[in-house]
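Colleague: My structure is in final08.cif, and what it holds is mmCIF, C-alpha atoms and all ligand atoms:
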```
data_input
#
loop_
_atom_site.label_atom_id
_atom_site.label_comp_id
_atom_site.auth_asym_id
_atom_site.auth_seq_id
_atom_site.Cartn_x
_atom_site.Cartn_y
_atom_site.Cartn_z
CA MET A 1 -42.57 13.92 26.92
CA THR A 2 -40.21 15.79 29.25
CA ASP A 3 -36.52 15.10 28.53
CA ARG A 4 -34.38 14.63 31.62
CA TYR A 5 -30.87 15.98 32.28
CA ALA A 6 -28.77 16.23 35.43
CA VAL A 7 -25.47 17.31 36.91
CA ILE A 8 -23.55 14.70 38.89
CA GLY A 9 -20.86 15.64 41.42
CA ASN A 10 -19.67 15.37 45.00
CA PRO A 11 -20.35 17.77 46.61
CA ILE A 12 -23.26 19.04 44.53
CA ALA A 13 -25.48 21.13 46.81
CA HIS A 14 -23.67 24.34 45.78
CA SER A 15 -24.19 23.71 42.04
CA LYS A 16 -25.82 26.51 40.06
CA SER A 17 -26.27 24.25 37.01
CA PRO A 18 -29.94 23.35 37.71
CA LEU A 19 -30.83 27.07 37.92
CA ILE A 20 -28.88 27.90 34.76
CA HIS A 21 -30.34 25.06 32.67
CA SER A 22 -33.88 25.71 33.92
CA ALA A 23 -33.48 29.33 32.82
CA PHE A 24 -32.17 28.20 29.40
CA ALA A 25 -35.09 25.75 29.01
CA GLN A 26 -37.63 28.44 29.87
CA GLN A 27 -36.03 30.96 27.52
CA THR A 28 -35.86 28.53 24.57
CA ARG A 29 -39.17 26.77 25.39
CA GLN A 30 -37.67 23.33 25.74
CA ASN A 31 -39.66 20.61 27.48
CA MET A 32 -36.94 19.39 29.83
CA ARG A 33 -36.10 18.90 33.46
CA TYR A 34 -32.64 19.25 35.05
CA ASP A 35 -31.71 17.84 38.48
CA ALA A 36 -28.63 17.69 40.69
CA ILE A 37 -27.43 14.21 41.68
CA LEU A 38 -24.99 13.57 44.52
CA ALA A 39 -22.97 10.45 43.73
CA PRO A 40 -20.79 8.70 46.33
CA LEU A 41 -17.07 9.17 45.60
CA ASP A 42 -16.89 5.59 44.27
CA GLY A 43 -20.32 5.73 42.63
CA PHE A 44 -20.10 7.90 39.52
CA LYS A 45 -20.49 5.10 36.97
CA THR A 46 -23.48 3.59 38.79
CA ALA A 47 -25.19 6.98 39.08
CA ALA A 48 -24.56 7.86 35.42
CA ASP A 49 -25.60 4.41 34.11
CA THR A 50 -28.78 4.43 36.22
CA PHE A 51 -29.76 7.88 34.92
CA HIS A 52 -29.03 6.78 31.35
CA HIS A 53 -31.03 3.53 31.65
CA GLN A 54 -33.96 5.41 33.16
CA GLY A 55 -34.19 7.43 29.95
CA GLY A 56 -32.00 10.45 30.84
CA LYS A 57 -30.74 12.32 27.79
CA GLY A 58 -27.55 13.87 29.14
CA ILE A 59 -25.40 14.71 32.13
CA ASN A 60 -23.08 17.47 33.21
CA VAL A 61 -20.18 16.21 35.27
CA THR A 62 -18.37 18.19 37.92
CA ILE A 63 -15.71 17.69 40.61
CA PRO A 64 -14.35 15.01 41.08
CA PHE A 65 -15.73 12.88 38.24
CA LYS A 66 -14.50 14.48 34.99
CA LEU A 67 -11.84 11.82 34.39
CA GLU A 68 -14.29 8.99 35.09
CA ALA A 69 -16.77 10.56 32.68
CA HIS A 70 -14.01 10.57 30.08
CA LYS A 71 -13.63 6.80 30.58
CA LEU A 72 -17.39 6.19 30.45
CA ALA A 73 -17.88 7.85 27.05
CA THR A 74 -18.08 5.56 24.01
CA SER A 75 -16.98 8.41 21.73
CA LEU A 76 -15.35 11.81 22.36
CA THR A 77 -15.25 15.21 20.72
CA GLU A 78 -11.73 16.34 19.76
CA ARG A 79 -11.62 18.87 22.60
CA ALA A 80 -12.66 16.25 25.19
CA ASP A 81 -10.15 13.77 23.80
CA ILE A 82 -7.34 16.33 24.03
CA ALA A 83 -8.40 17.55 27.50
CA GLN A 84 -8.73 13.94 28.74
CA ALA A 85 -11.63 15.20 30.82
CA VAL A 86 -15.38 15.30 30.15
CA ASN A 87 -17.91 17.70 31.65
CA THR A 88 -20.83 16.82 29.32
CA LEU A 89 -22.29 13.46 28.35
CA LYS A 90 -24.96 13.04 25.70
CA PHE A 91 -26.88 9.77 25.59
CA VAL A 92 -28.15 8.56 22.22
CA GLU A 93 -29.66 5.09 22.68
CA ASP A 94 -26.78 3.01 24.06
CA GLN A 95 -24.07 5.41 22.84
CA ILE A 96 -22.44 7.97 25.15
CA LEU A 97 -20.80 11.03 23.58
CA GLY A 98 -18.33 12.85 25.84
CA ASP A 99 -17.55 16.55 25.38
CA ASN A 100 -15.62 19.19 27.31
CA THR A 101 -17.25 22.62 27.11
CA ASP A 102 -15.23 24.31 29.91
CA GLY A 103 -12.53 25.80 27.68
CA ALA A 104 -14.99 27.05 25.06
CA GLY A 105 -17.00 28.64 27.90
CA LEU A 106 -13.90 30.40 29.22
CA VAL A 107 -12.89 31.74 25.80
CA ARG A 108 -16.41 32.94 25.01
CA ASP A 109 -16.64 34.72 28.35
CA ILE A 110 -13.31 36.51 27.83
CA VAL A 111 -13.74 37.37 24.14
CA VAL A 112 -17.49 38.04 23.87
CA ASN A 113 -18.74 38.99 27.35
CA LEU A 114 -15.62 40.82 28.54
CA SER A 115 -14.76 42.17 25.07
CA THR A 116 -11.12 41.15 25.54
CA PRO A 117 -9.44 39.73 22.43
CA ILE A 118 -6.99 36.87 23.02
CA THR A 119 -5.42 36.97 19.56
CA GLU A 120 -1.79 38.18 19.70
CA LYS A 121 -2.05 38.75 23.46
CA ARG A 122 0.33 37.36 26.08
CA ILE A 123 -1.58 34.92 28.27
CA LEU A 124 -0.51 33.42 31.60
CA LEU A 125 -2.47 30.33 32.61
CA MET A 126 -1.94 29.39 36.26
CA GLY A 127 -2.47 25.71 37.07
CA ALA A 128 -2.08 22.38 35.30
CA GLY A 129 -5.10 20.45 36.57
CA GLY A 130 -8.30 19.51 34.75
CA ALA A 131 -9.57 23.07 34.28
CA ALA A 132 -6.26 24.30 32.85
CA ARG A 133 -5.94 21.28 30.57
CA GLY A 134 -9.42 21.89 29.14
CA ALA A 135 -8.62 25.56 28.48
CA ILE A 136 -5.35 25.16 26.56
CA LEU A 137 -6.63 24.13 23.11
CA PRO A 138 -9.51 26.68 22.97
CA LEU A 139 -7.07 29.42 24.09
CA LEU A 140 -4.46 28.40 21.47
CA GLN A 141 -7.15 28.37 18.77
CA GLN A 142 -7.46 32.13 19.38
CA LYS A 143 -3.78 32.48 18.35
CA PRO A 144 -2.28 34.31 21.34
CA ALA A 145 1.30 35.65 21.02
CA ILE A 146 2.23 33.25 23.82
CA LEU A 147 0.42 30.98 26.23
CA ALA A 148 2.54 30.51 29.35
CA ILE A 149 1.53 27.74 31.74
CA ALA A 150 2.73 28.18 35.33
CA ASN A 151 2.25 25.52 37.96
CA ARG A 152 3.39 24.88 41.54
CA THR A 153 4.51 21.42 40.36
CA PRO A 154 6.36 22.54 37.21
CA GLN A 155 6.68 19.06 35.69
CA LYS A 156 2.92 18.99 35.09
CA ALA A 157 3.07 22.31 33.20
CA VAL A 158 6.03 21.10 31.13
CA LEU A 159 4.12 17.92 30.22
CA LEU A 160 1.19 20.04 29.01
CA LYS A 161 3.57 22.15 26.93
CA LYS A 162 4.90 18.98 25.25
CA GLN A 163 1.37 17.71 24.63
CA PHE A 164 0.07 20.94 23.06
CA ILE A 165 3.18 22.43 21.43
CA GLN A 166 2.04 21.57 17.90
CA HIS A 167 -1.07 23.75 18.43
CA GLY A 168 0.65 27.09 19.14
CA GLN A 169 3.21 29.22 21.01
CA LEU A 170 3.65 27.74 24.50
CA ASP A 171 6.00 28.08 27.44
CA ALA A 172 5.84 26.35 30.82
CA GLY A 173 7.47 26.30 34.24
CA GLU A 174 6.99 27.14 37.89
CA TYR A 175 5.84 30.65 38.80
CA MET A 176 9.25 32.28 39.30
CA TYR A 177 10.35 30.99 35.88
CA PHE A 178 8.19 33.81 34.50
CA ALA A 179 9.82 36.56 36.63
CA GLY A 180 10.46 39.64 34.50
CA ALA A 181 7.66 38.84 32.02
CA SER A 182 4.29 40.58 31.99
CA PHE A 183 0.99 39.32 30.60
CA ASP A 184 -2.14 40.90 29.12
CA ILE A 185 -4.45 38.19 30.47
CA VAL A 186 -3.71 36.23 33.66
CA ILE A 187 -6.06 33.30 34.26
CA ASN A 188 -6.20 31.52 37.60
CA ALA A 189 -7.07 27.88 36.83
CA THR A 190 -5.72 26.63 40.17
CA SER A 191 -7.88 25.58 43.07
CA ALA A 192 -5.82 27.83 45.39
CA SER A 193 -8.70 30.30 45.80
CA LEU A 194 -10.83 27.50 47.31
CA ASN A 195 -8.45 27.65 50.31
CA ASP A 196 -8.04 31.42 50.19
CA ALA A 197 -4.45 30.83 48.97
CA LEU A 198 -2.48 32.63 46.28
CA PRO A 199 0.00 30.96 43.90
CA ALA A 200 3.53 32.37 44.27
CA LEU A 201 3.33 34.89 41.41
CA PRO A 202 6.45 36.92 40.60
CA PRO A 203 6.12 40.72 40.92
CA ASP A 204 4.89 42.94 38.06
CA ILE A 205 3.23 40.05 36.20
CA PHE A 206 0.28 42.17 35.02
CA ALA A 207 0.75 44.30 31.89
CA VAL A 208 -0.91 47.72 31.67
CA ASP A 209 -4.69 47.24 31.15
CA ALA A 210 -4.37 43.52 31.95
CA LEU A 211 -7.37 41.29 32.62
CA ALA A 212 -7.18 39.13 35.77
CA TYR A 213 -9.57 36.18 35.48
CA ASP A 214 -10.28 33.66 38.24
CA MET A 215 -12.13 30.51 37.12
CA MET A 216 -13.45 30.20 40.66
CA TYR A 217 -16.51 32.21 41.64
CA SER A 218 -17.75 33.20 45.06
CA ALA A 219 -19.83 35.92 46.68
CA GLU A 220 -16.65 37.71 47.81
CA PRO A 221 -13.74 38.51 45.44
CA THR A 222 -11.22 35.66 45.50
CA ARG A 223 -7.76 36.09 46.98
CA PHE A 224 -6.30 36.24 43.46
CA LEU A 225 -8.69 38.97 42.32
CA LYS A 226 -8.03 40.97 45.50
CA TYR A 227 -4.28 40.66 44.85
CA ALA A 228 -4.70 41.74 41.22
CA GLY A 229 -6.73 44.75 42.37
CA GLN A 230 -3.95 45.69 44.81
CA GLN A 231 -1.50 45.52 41.88
CA GLY A 232 -3.58 48.14 40.08
CA VAL A 233 -5.48 45.81 37.75
CA CYS A 234 -8.92 47.24 36.94
CA ASN A 235 -10.26 44.46 34.73
CA LEU A 236 -11.24 41.70 37.13
CA ALA A 237 -13.54 38.75 36.41
CA ASP A 238 -14.54 35.62 38.26
CA GLY A 239 -15.71 32.32 36.73
CA ILE A 240 -19.47 32.94 36.72
CA GLY A 241 -19.45 33.91 33.05
CA MET A 242 -17.44 30.79 32.20
CA LEU A 243 -19.88 28.65 34.19
CA VAL A 244 -22.89 30.01 32.30
CA GLU A 245 -21.11 29.82 28.93
CA GLN A 246 -19.96 26.20 29.40
CA ALA A 247 -23.56 25.38 30.34
CA ALA A 248 -24.82 27.09 27.17
CA GLU A 249 -22.38 25.02 25.12
CA SER A 250 -23.65 21.79 26.77
CA PHE A 251 -27.23 22.90 26.18
CA TYR A 252 -26.42 23.46 22.51
CA LEU A 253 -24.91 19.96 22.23
CA TRP A 254 -28.04 18.45 23.77
CA ARG A 255 -30.81 20.57 22.27
CA GLY A 256 -29.30 22.14 19.12
CA ILE A 257 -30.30 25.61 20.33
CA ARG A 258 -27.90 28.23 21.72
CA PRO A 259 -29.49 30.13 24.61
CA GLU A 260 -28.84 33.81 25.35
CA THR A 261 -26.48 34.08 28.31
CA LYS A 262 -26.15 37.79 29.05
CA ASP A 263 -29.16 38.21 31.34
CA ILE A 264 -28.42 35.01 33.23
CA ILE A 265 -24.81 36.04 33.87
CA SER A 266 -26.00 39.46 35.12
CA ARG A 267 -28.50 37.76 37.41
CA PHE A 268 -25.75 35.64 39.00
CA LYS A 269 -23.39 38.58 39.31
CA LYS A 270 -25.86 40.39 41.57
CA PRO A 271 -24.52 40.26 45.15
CA ASP A 272 -27.62 38.53 46.56
CA SER A 273 -27.71 35.67 44.02
P1 LIG B 301 -7.45 20.30 39.93
O1 LIG B 301 -7.50 19.71 41.30
O2 LIG B 301 -7.48 19.39 38.75
O3 LIG B 301 -6.11 21.18 39.78
C1 LIG B 301 -5.71 22.01 40.81
C2 LIG B 301 -4.56 22.93 40.34
O4 LIG B 301 -4.41 23.95 41.33
C3 LIG B 301 -3.22 22.24 40.20
O5 LIG B 301 -2.53 22.84 39.13
C4 LIG B 301 -2.53 22.58 41.54
O6 LIG B 301 -1.13 22.62 41.47
C5 LIG B 301 -3.06 23.96 41.76
N1 LIG B 301 -3.05 24.41 43.17
C6 LIG B 301 -3.85 23.99 44.17
N2 LIG B 301 -3.58 24.68 45.31
C7 LIG B 301 -2.57 25.54 45.01
C8 LIG B 301 -1.86 26.52 45.76
N3 LIG B 301 -2.12 26.74 47.06
N4 LIG B 301 -0.90 27.23 45.13
C9 LIG B 301 -0.62 27.02 43.82
N5 LIG B 301 -1.28 26.11 43.05
C10 LIG B 301 -2.24 25.38 43.65
O7 LIG B 301 -8.64 21.36 39.89
P2 LIG B 301 -9.48 21.82 38.61
O8 LIG B 301 -8.49 22.09 37.53
O9 LIG B 301 -10.59 20.90 38.34
O10 LIG B 301 -10.16 23.20 39.11
C11 LIG B 301 -9.40 24.39 39.27
C12 LIG B 301 -10.30 25.58 39.58
O11 LIG B 301 -11.11 25.88 38.45
C13 LIG B 301 -11.28 25.35 40.74
O12 LIG B 301 -11.28 26.52 41.53
C14 LIG B 301 -12.62 25.16 40.06
O13 LIG B 301 -13.68 25.61 40.90
C15 LIG B 301 -12.46 26.06 38.85
N6 LIG B 301 -13.35 25.69 37.72
C16 LIG B 301 -14.30 26.59 37.31
C17 LIG B 301 -15.14 26.30 36.26
C18 LIG B 301 -16.16 27.32 35.83
O14 LIG B 301 -17.05 26.98 35.02
N7 LIG B 301 -16.08 28.55 36.29
C19 LIG B 301 -15.08 25.02 35.53
C20 LIG B 301 -14.02 24.15 36.01
C21 LIG B 301 -13.21 24.48 37.08
P3 LIG B 301 -0.24 21.27 41.67
O15 LIG B 301 -0.27 20.56 40.35
O16 LIG B 301 1.10 21.77 42.04
O17 LIG B 301 -0.90 20.48 42.76
#
```
Turn this file's structure into C-alpha cells for me.

Modeller:
Amino acid sequence: MTDRYAVIGNPIAHSKSPLIHSAFAQQTRQNMRYDAILAPLDGFKTAADTFHHQGGKGINVTIPFKLEAHKLATSLTERADIAQAVNTLKFVEDQILGDNTDGAGLVRDIVVNLSTPITEKRILLMGAGGAARGAILPLLQQKPAILAIANRTPQKAVLLKKQFIQHGQLDAGEYMYFAGASFDIVINATSASLNDALPALPPDIFAVDALAYDMMYSAEPTRFLKYAGQQGVCNLADGIGMLVEQAAESFYLWRGIRPETKDIISRFKKPDS
C-alpha cells in the first residue's frame, strides 16, 4: 500500500517539498506519495486531522502553522519542545509525534555541505522568530565560541538568551549592540529578505573569510547576500540546502532511511529550477 504524506501551509503553491520528497522516495525506493495541502488560515487543525484520519502517515508544516502544529502534537522531541515550533508530524495510530528538523537542517547544510565548522566560531544569528528559535539549540550543540542573537525588537532576543543560556555561550541585543564585533558566520533568520529589506547591521560585522547565510531562498540573491557580497564576503549561501536537509531529516523520522541530498541540492541551485 502507498503511504501518504503532505505539506500543509498557507500559501503553499511555491512549496518545493513535494518535489524534494518525491525525489527522496524514488532514490530510496519507498512506496509513498507526498502532496501539498493549502489550509485556510483558521483551518490547520481540521486539515491535519482529516489527513490523519484518512490514513496519512505524516505531515510537514510550514508558514504560518508551526505553532499550531506544536499544540496538536501529543508528544514532542526535545528539539521541538525547546523550539516551541513543529515542522514535522508523524502519525502512529492515534498518537501524533511533533519534531522540528529546521535547525538540524541548517547545521548540516553549514557543516557538511558548505564544509564550514561551527565549533569555536563566532556566530551572529539575525532574528528571533520561529526559524531563529529552532536554530539556537542545534547551533549551540556545535559549541561555537559565541552565539550572538540580534533582533529588531531586542526584548525577543534577550528572552531567547535567557531561555537557552544553560546550553552555551550566548549574547543578545538589537543590531547596533554588536557594533565593533565581527563574526565568522552571519545567519539571516529574519523575514526581511521577503520584503527586499535589510536588518540594520553595524559596519564591519563580517570577519575575514566569513560565511553569510540567508535562510530564505529565491532565484535572485537576497538583499542580505547582495550586501554581504558588497562587503567583500565570498562565501554566500541561501536556504536551499537547509530546506533539502530539513526535509531529509523529516524523511528519516518517517521512513527510517536517510536519503542522499547532494544531487537534489545541486538540482535546485541551478538557475532554471
Ligand atoms: P517569523 O515571522 O517568525 O520571524 C520574523 C523575524 O524577522 C523576526 O525576528 C522579525 O523581527 C524579523 N524581521 C522581519 N522584518 C524585518 C526587517 N525589515 N528588519 C529586521 N528584522 C525583521 O519568521 P520565521 O522565523 O518563520 O522565518 C524567517 C525566515 O526564515 C523566512 O525568510 C523563512 O522563509 C526562512 N525559513 C527558511 C527555512 C528553510 O528551510 N530554508 C525554514 C524556515 C524558515 P521582529 O521580532 O523585530 O519583528

Colleague: Report as a list in words all protein, DNA and RNA residues lying within 7 Å of stretch 150-152 of chain A, evaluated on all atoms listed in the file, omitting residues in the same chain fewer than 3 positions from it.

Modeller: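 Contacts, with the query itself left out: Leu125, Met126, Gly127, Ala128, Ala157, Ala172, Gly173, Glu174 and Tyr175 of chain A.
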
Colleague: Find the residue from A:Thr50, A:Asn60, A:Ser17, A:Ser22 that sits nearest to A:Gly98; use all atoms listed in the file when measuring.

Modeller: A:Asn60

Colleague: Could you give me, as JSON lines, a per-residue list for chain A showing, wherever an atom lies at most 6 Å from an atom of ligand LIG 301 (chain B), the closest pair of atoms and their distance in Å to one decimal, using only C-alpha atoms and all ligand atoms and sorting by chain then residue number from low to high?

Modeller:
```
{"residue": "A:Asp102", "atom": "CA", "partner": "B:LIG301", "partner_atom": "C19", "distance": 5.7}
{"residue": "A:Gly127", "atom": "CA", "partner": "B:LIG301", "partner_atom": "O5", "distance": 3.5}
{"residue": "A:Ala128", "atom": "CA", "partner": "B:LIG301", "partner_atom": "O5", "distance": 3.9}
{"residue": "A:Gly129", "atom": "CA", "partner": "B:LIG301", "partner_atom": "O2", "distance": 3.4}
{"residue": "A:Gly130", "atom": "CA", "partner": "B:LIG301", "partner_atom": "O8", "distance": 3.8}
{"residue": "A:Ala131", "atom": "CA", "partner": "B:LIG301", "partner_atom": "O8", "distance": 3.6}
{"residue": "A:Ala132", "atom": "CA", "partner": "B:LIG301", "partner_atom": "O8", "distance": 5.6}
{"residue": "A:Asn151", "atom": "CA", "partner": "B:LIG301", "partner_atom": "O5", "distance": 5.6}
{"residue": "A:Arg152", "atom": "CA", "partner": "B:LIG301", "partner_atom": "O16", "distance": 3.9}
{"residue": "A:Thr153", "atom": "CA", "partner": "B:LIG301", "partner_atom": "O16", "distance": 3.8}
{"residue": "A:Ala189", "atom": "CA", "partner": "B:LIG301", "partner_atom": "O11", "distance": 4.8}
{"residue": "A:Thr190", "atom": "CA", "partner": "B:LIG301", "partner_atom": "O4", "distance": 3.2}
{"residue": "A:Ser191", "atom": "CA", "partner": "B:LIG301", "partner_atom": "O12", "distance": 3.8}
{"residue": "A:Ala192", "atom": "CA", "partner": "B:LIG301", "partner_atom": "N2", "distance": 3.9}
{"residue": "A:Leu194", "atom": "CA", "partner": "B:LIG301", "partner_atom": "O12", "distance": 5.9}
{"residue": "A:Ala197", "atom": "CA", "partner": "B:LIG301", "partner_atom": "N3", "distance": 5.1}
{"residue": "A:Leu198", "atom": "CA", "partner": "B:LIG301", "partner_atom": "N4", "distance": 5.7}
{"residue": "A:Pro199", "atom": "CA", "partner": "B:LIG301", "partner_atom": "C9", "distance": 4.0}
{"residue": "A:Met215", "atom": "CA", "partner": "B:LIG301", "partner_atom": "C16", "distance": 4.5}
{"residue": "A:Met216", "atom": "CA", "partner": "B:LIG301", "partner_atom": "O12", "distance": 4.4}
{"residue": "A:Gly239", "atom": "CA", "partner": "B:LIG301", "partner_atom": "N7", "distance": 3.8}
{"residue": "A:Ile240", "atom": "CA", "partner": "B:LIG301", "partner_atom": "N7", "distance": 5.6}
{"residue": "A:Met242", "atom": "CA", "partner": "B:LIG301", "partner_atom": "O14", "distance": 4.8}
{"residue": "A:Leu243", "atom": "CA", "partner": "B:LIG301", "partner_atom": "O14", "distance": 3.4}
```

Colleague: For each of A:Gln142, A:Thr28, A:Thr46, A:Gln166, take the minimum atom-to-atom distance to A:Thr116, counting all atoms listed in the file, then give the residue where this is smallest.

Modeller: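 Of all the options, A:Gln142 lies closest to A:Thr116.
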
Colleague: Would you pick out the contacts of stretch 244-260 of chain A at 7 Å or less, using all atoms listed in the file, so that residues sharing its chain but fewer than 6 positions from it are not included, and give the list as a list in words?

Modeller: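 Result of the neighbour search: Ile20, Phe24, Thr28, Thr88, Lys90, Thr101, Asp102, Ala104, Gly105, Arg108 and Asp109 of chain A.
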
Colleague: Can you tell me, as a list in words, what residues are no more than 8 Å from A:His167 when counting all atoms listed in the file, ignoring any on the same chain fewer than 4 positions away?

Modeller: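 In the requested form, the answer reads Leu137, Leu140 and Gln141 of chain A.
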
Colleague: Restricting the calculation to only C-alpha atoms: of A:Ala212, A:Ala237, A:Leu139, A:Ile12, which residue gets closest to A:Asp35?

Modeller: A:Ile12

Colleague: Would you mind telling me which residue in A:Ala135, A:Ile59, A:Val112, A:Ala181 lies nearest to A:Phe164 when using only C-alpha atoms?

Modeller: A:Ala135
